file data18.txt (compact mmCIF, C-alpha atoms)
# COMPACT_ATOMS: atom_id res chain seq x y z
CA MET A 1 61.39 12.94 51.63
CA ASN A 2 59.04 15.46 53.09
CA LYS A 3 56.06 14.59 55.27
CA MET A 4 53.55 15.30 52.53
CA ALA A 5 55.23 12.96 50.04
CA LYS A 6 55.57 10.21 52.67
CA GLY A 7 51.86 10.48 53.55
CA ALA A 8 50.78 10.30 49.88
CA LEU A 9 53.04 7.29 49.31
CA ALA A 10 51.59 5.51 52.35
CA ILE A 11 48.00 6.16 51.21
CA GLY A 12 48.81 5.03 47.66
CA LEU A 13 50.47 1.78 48.86
CA GLY A 14 47.60 1.06 51.23
CA SER A 15 45.03 1.55 48.49
CA ALA A 16 47.02 -0.63 46.10
CA MET A 17 47.15 -3.41 48.67
CA LEU A 18 43.39 -3.24 49.23
CA LEU A 19 42.59 -3.27 45.54
CA GLY A 20 45.34 -5.63 44.51
CA GLY A 21 44.48 -8.55 46.67
CA GLY A 22 45.65 -7.51 50.09
CA GLY A 23 41.96 -6.95 50.88
CA THR A 24 38.63 -6.65 49.08
CA LEU A 25 36.60 -3.69 48.05
CA ALA A 26 32.99 -4.88 47.49
CA VAL A 27 30.70 -3.19 44.96
CA TRP A 28 27.13 -4.44 45.10
CA ASN A 29 24.75 -4.42 42.13
CA ASP A 30 21.39 -5.83 41.12
CA LYS A 31 19.03 -5.73 38.15
CA ALA A 32 15.34 -6.06 37.49
CA THR A 33 13.59 -6.86 34.20
CA ALA A 34 11.14 -4.21 33.04
CA ASP A 35 8.88 -6.75 31.26
CA ALA A 36 7.54 -4.01 28.99
CA GLY A 37 6.07 -6.50 26.51
CA ILE A 38 6.70 -6.93 22.78
CA ILE A 39 5.98 -4.37 20.10
CA GLN A 40 4.60 -5.85 16.90
CA ALA A 41 4.32 -4.01 13.59
CA GLY A 42 1.06 -4.03 11.65
CA SER A 43 0.70 -4.66 7.93
CA LEU A 44 -1.31 -3.76 4.89
CA ASP A 45 -2.14 -5.78 1.79
CA VAL A 46 -4.18 -5.33 -1.37
CA ALA A 47 -5.38 -8.14 -3.63
CA ALA A 48 -7.49 -7.91 -6.78
CA GLU A 49 -10.07 -10.63 -7.39
CA PRO A 50 -10.83 -11.74 -10.97
CA GLY A 51 -13.06 -9.23 -12.71
CA VAL A 52 -15.92 -9.37 -15.22
CA TRP A 53 -16.14 -7.53 -18.56
CA THR A 54 -19.55 -6.51 -19.91
CA ASN A 55 -20.99 -4.54 -22.80
CA ALA A 56 -24.57 -3.45 -23.50
CA ALA A 57 -25.53 -7.08 -24.25
CA GLY A 58 -24.01 -8.61 -21.10
CA VAL A 59 -20.86 -10.51 -20.08
CA ILE A 60 -18.12 -10.81 -22.71
CA ASP A 61 -14.88 -12.77 -23.07
CA ILE A 62 -12.33 -9.98 -23.41
CA ALA A 63 -9.67 -12.37 -24.75
CA SER A 64 -11.57 -12.81 -28.01
CA TYR A 65 -13.73 -9.67 -28.11
CA LYS A 66 -13.17 -7.01 -30.81
CA VAL A 67 -14.34 -3.54 -29.82
CA VAL A 68 -15.81 -1.06 -32.35
CA PRO A 69 -15.95 2.75 -32.31
CA GLY A 70 -18.68 4.15 -30.06
CA GLU A 71 -18.85 1.05 -27.91
CA GLN A 72 -18.73 1.13 -24.14
CA LEU A 73 -17.13 -1.69 -22.15
CA THR A 74 -17.30 -2.03 -18.37
CA PHE A 75 -14.92 -3.91 -16.10
CA ILE A 76 -16.02 -4.68 -12.52
CA GLN A 77 -13.60 -6.10 -9.98
CA ASN A 78 -13.48 -6.54 -6.21
CA VAL A 79 -10.34 -5.37 -4.45
CA ASP A 80 -9.62 -6.82 -1.03
CA VAL A 81 -7.81 -4.50 1.38
CA THR A 82 -6.33 -5.90 4.59
CA LEU A 83 -5.20 -3.44 7.25
CA GLU A 84 -3.63 -4.50 10.54
CA GLY A 85 -2.58 -1.77 12.93
CA ASN A 86 -4.30 0.14 15.70
CA GLN A 87 -3.73 3.52 14.10
CA MET A 88 -3.53 2.32 10.47
CA LYS A 89 -4.92 4.55 7.74
CA ALA A 90 -4.36 3.84 4.07
CA GLN A 91 -5.28 5.23 0.69
CA LEU A 92 -6.16 3.18 -2.39
CA SER A 93 -5.20 4.44 -5.82
CA LEU A 94 -4.99 3.22 -9.39
CA ASP A 95 -1.61 3.19 -11.09
CA PRO A 96 -2.29 4.67 -14.56
CA VAL A 97 0.60 2.92 -16.33
CA ALA A 98 -1.57 1.05 -18.88
CA ALA A 99 -0.29 1.40 -22.43
CA ASN A 100 -3.22 3.02 -24.22
CA SER A 101 -2.67 2.74 -27.96
CA PHE A 102 -6.25 3.63 -28.93
CA LYS A 103 -5.55 7.19 -30.01
CA GLY A 104 -9.22 8.18 -29.88
CA SER A 105 -10.28 6.26 -26.80
CA ALA A 106 -11.08 7.92 -23.52
CA TYR A 107 -9.12 7.10 -20.40
CA PRO A 108 -11.33 4.78 -18.34
CA VAL A 109 -13.59 6.41 -15.80
CA VAL A 110 -13.21 4.45 -12.56
CA THR A 111 -15.68 4.56 -9.68
CA TYR A 112 -15.47 2.74 -6.37
CA THR A 113 -17.96 1.47 -3.81
CA LYS A 114 -17.43 0.14 -0.30
CA GLY A 115 -20.27 -1.69 1.37
CA GLY A 116 -22.62 -0.51 -1.38
CA GLN A 117 -21.78 3.16 -0.74
CA LYS A 118 -19.81 5.44 -3.04
CA PHE A 119 -16.16 5.55 -2.02
CA ASP A 120 -13.70 8.21 -3.18
CA PRO A 121 -10.16 6.89 -2.64
CA ALA A 122 -8.73 10.37 -3.22
CA LYS A 123 -10.60 11.70 -0.17
CA ASP A 124 -11.69 8.69 1.89
CA PHE A 125 -9.07 6.82 3.89
CA LEU A 126 -9.38 3.16 4.75
CA THR A 127 -9.06 2.29 8.43
CA THR A 128 -10.30 -1.31 8.48
CA THR A 129 -10.09 -4.42 6.37
CA SER A 130 -12.51 -3.81 3.49
CA GLU A 131 -13.76 -5.03 0.13
CA ILE A 132 -13.81 -2.28 -2.46
CA THR A 133 -15.61 -2.72 -5.80
CA ALA A 134 -13.89 -0.96 -8.68
CA LYS A 135 -15.87 -0.25 -11.85
CA ALA A 136 -14.03 1.02 -14.92
CA VAL A 137 -16.03 2.25 -17.93
CA PHE A 138 -14.20 2.48 -21.26
CA THR A 139 -15.96 4.50 -23.95
CA PHE A 140 -14.34 4.19 -27.35
CA ASN A 141 -14.45 7.25 -29.57
CA PRO A 142 -17.55 7.17 -31.81
CA ASN A 143 -15.99 9.80 -34.09
CA THR A 144 -13.17 7.70 -35.52
CA THR A 145 -13.01 7.88 -39.30
CA GLY A 146 -11.50 5.80 -42.07
CA GLN A 147 -9.39 3.06 -40.59
CA GLN A 148 -8.25 4.92 -37.49
CA ASP A 149 -7.46 2.56 -34.58
CA MET A 150 -8.21 -0.60 -36.58
CA GLY A 151 -6.24 -3.51 -35.11
CA ALA A 152 -4.99 -1.37 -32.22
CA THR A 153 -4.74 -2.92 -28.78
CA LEU A 154 -5.28 -1.60 -25.30
CA ASP A 155 -2.93 -3.32 -22.83
CA LEU A 156 -4.44 -3.28 -19.37
CA SER A 157 -2.11 -5.91 -17.94
CA LYS A 158 0.05 -3.27 -16.27
CA VAL A 159 -2.72 -1.48 -14.37
CA ASN A 160 -2.20 -1.92 -10.64
CA TYR A 161 -4.00 -0.97 -7.47
CA ILE A 162 -1.71 0.74 -4.98
CA LEU A 163 -2.37 0.76 -1.24
CA THR A 164 -0.32 3.36 0.64
CA GLN A 165 -0.22 3.98 4.37
CA VAL A 166 -1.17 7.52 5.25
CA ALA A 167 1.28 9.06 7.72
CA LYS A 168 -0.15 10.59 10.85
call {"tool": "encode", "arguments": {"input": "data18.txt", "output": "structure tokens"}}
result
Amino acid sequence: MNKMAKGALAIGLGSAMLLGGGGTLAVWNDKATADAGIIQAGSLDVAAEPGVWTNAAGVIDIASYKVVPGEQLTFIQNVDVTLEGNQMKAQLSLDPVAANSFKGSAYPVVTYTKGGQKFDPAKDFLTTTSEITAKAVFTFNPNTTGQQDMGATLDLSKVNYILTQVAK
């Protein structure tokens, strides 16, 4: 065996003995906790309070009321919006899924107020917990003739308010 091979063999055997129990090779370590806190996600919620139906004479019971051509009915309802999040912005909208079987009726015109001031949910974003008042005015076609729309129904049970977070 040449000198180079003998030297490499001696170094290899010596290292094996140190690592394999013939000695110890200490490796120190330590750790520290960052204690960076806890991140908590915010939330948003929308809830519709019971509303009130009125006509020109005052409050009506919509469950038994029969509308006639040319009449205008108004529905007023408070919508509670809860926003939790430091940078939260949200937009309120009306889901127009209602089945409107009155062929001659107009789609309801909805207006909103927040704190007594006009609120336009298409332009104004919500940034805090708020109470929004929604007012929907239904004007039924005064120009119906014959027996058009008699016995028809207008199902508003599927109309929903939608609250959507606005991305930054």
call {"tool": "residues_around", "arguments": {"input": "data18.txt", "residues": "A:Glu84", "least_positions_apart": "2", "cutoff": "12 Å", "atoms": "all atoms listed in the file", "output": "PyMOL selection string"}}
result
chain A and resi 40-46+81-82+86-90+126-130+165
call {"tool": "atom_distance", "arguments": {"input": "data18.txt", "atom1": "atom CA of A:Thr145", "atom2": "atom CA of A:Leu73"}}
result
20.1 Å
call {"tool": "atom_distance", "arguments": {"input": "data18.txt", "atom1": "atom CA of A:Ile132", "atom2": "atom CA of A:Val109"}}
result
15.9 Å
call {"tool": "closest_residue", "arguments": {"input": "data18.txt", "among": "A:Gly146, A:Gly37, A:Thr139, A:Phe125", "to": "A:Leu83", "atoms": "all atoms listed in the file"}}
result
A:Phe125
call {"tool": "atom_distance", "arguments": {"input": "data18.txt", "atom1": "atom CA of A:Asp124", "atom2": "atom CA of A:Leu163"}}
result
12.6 Å
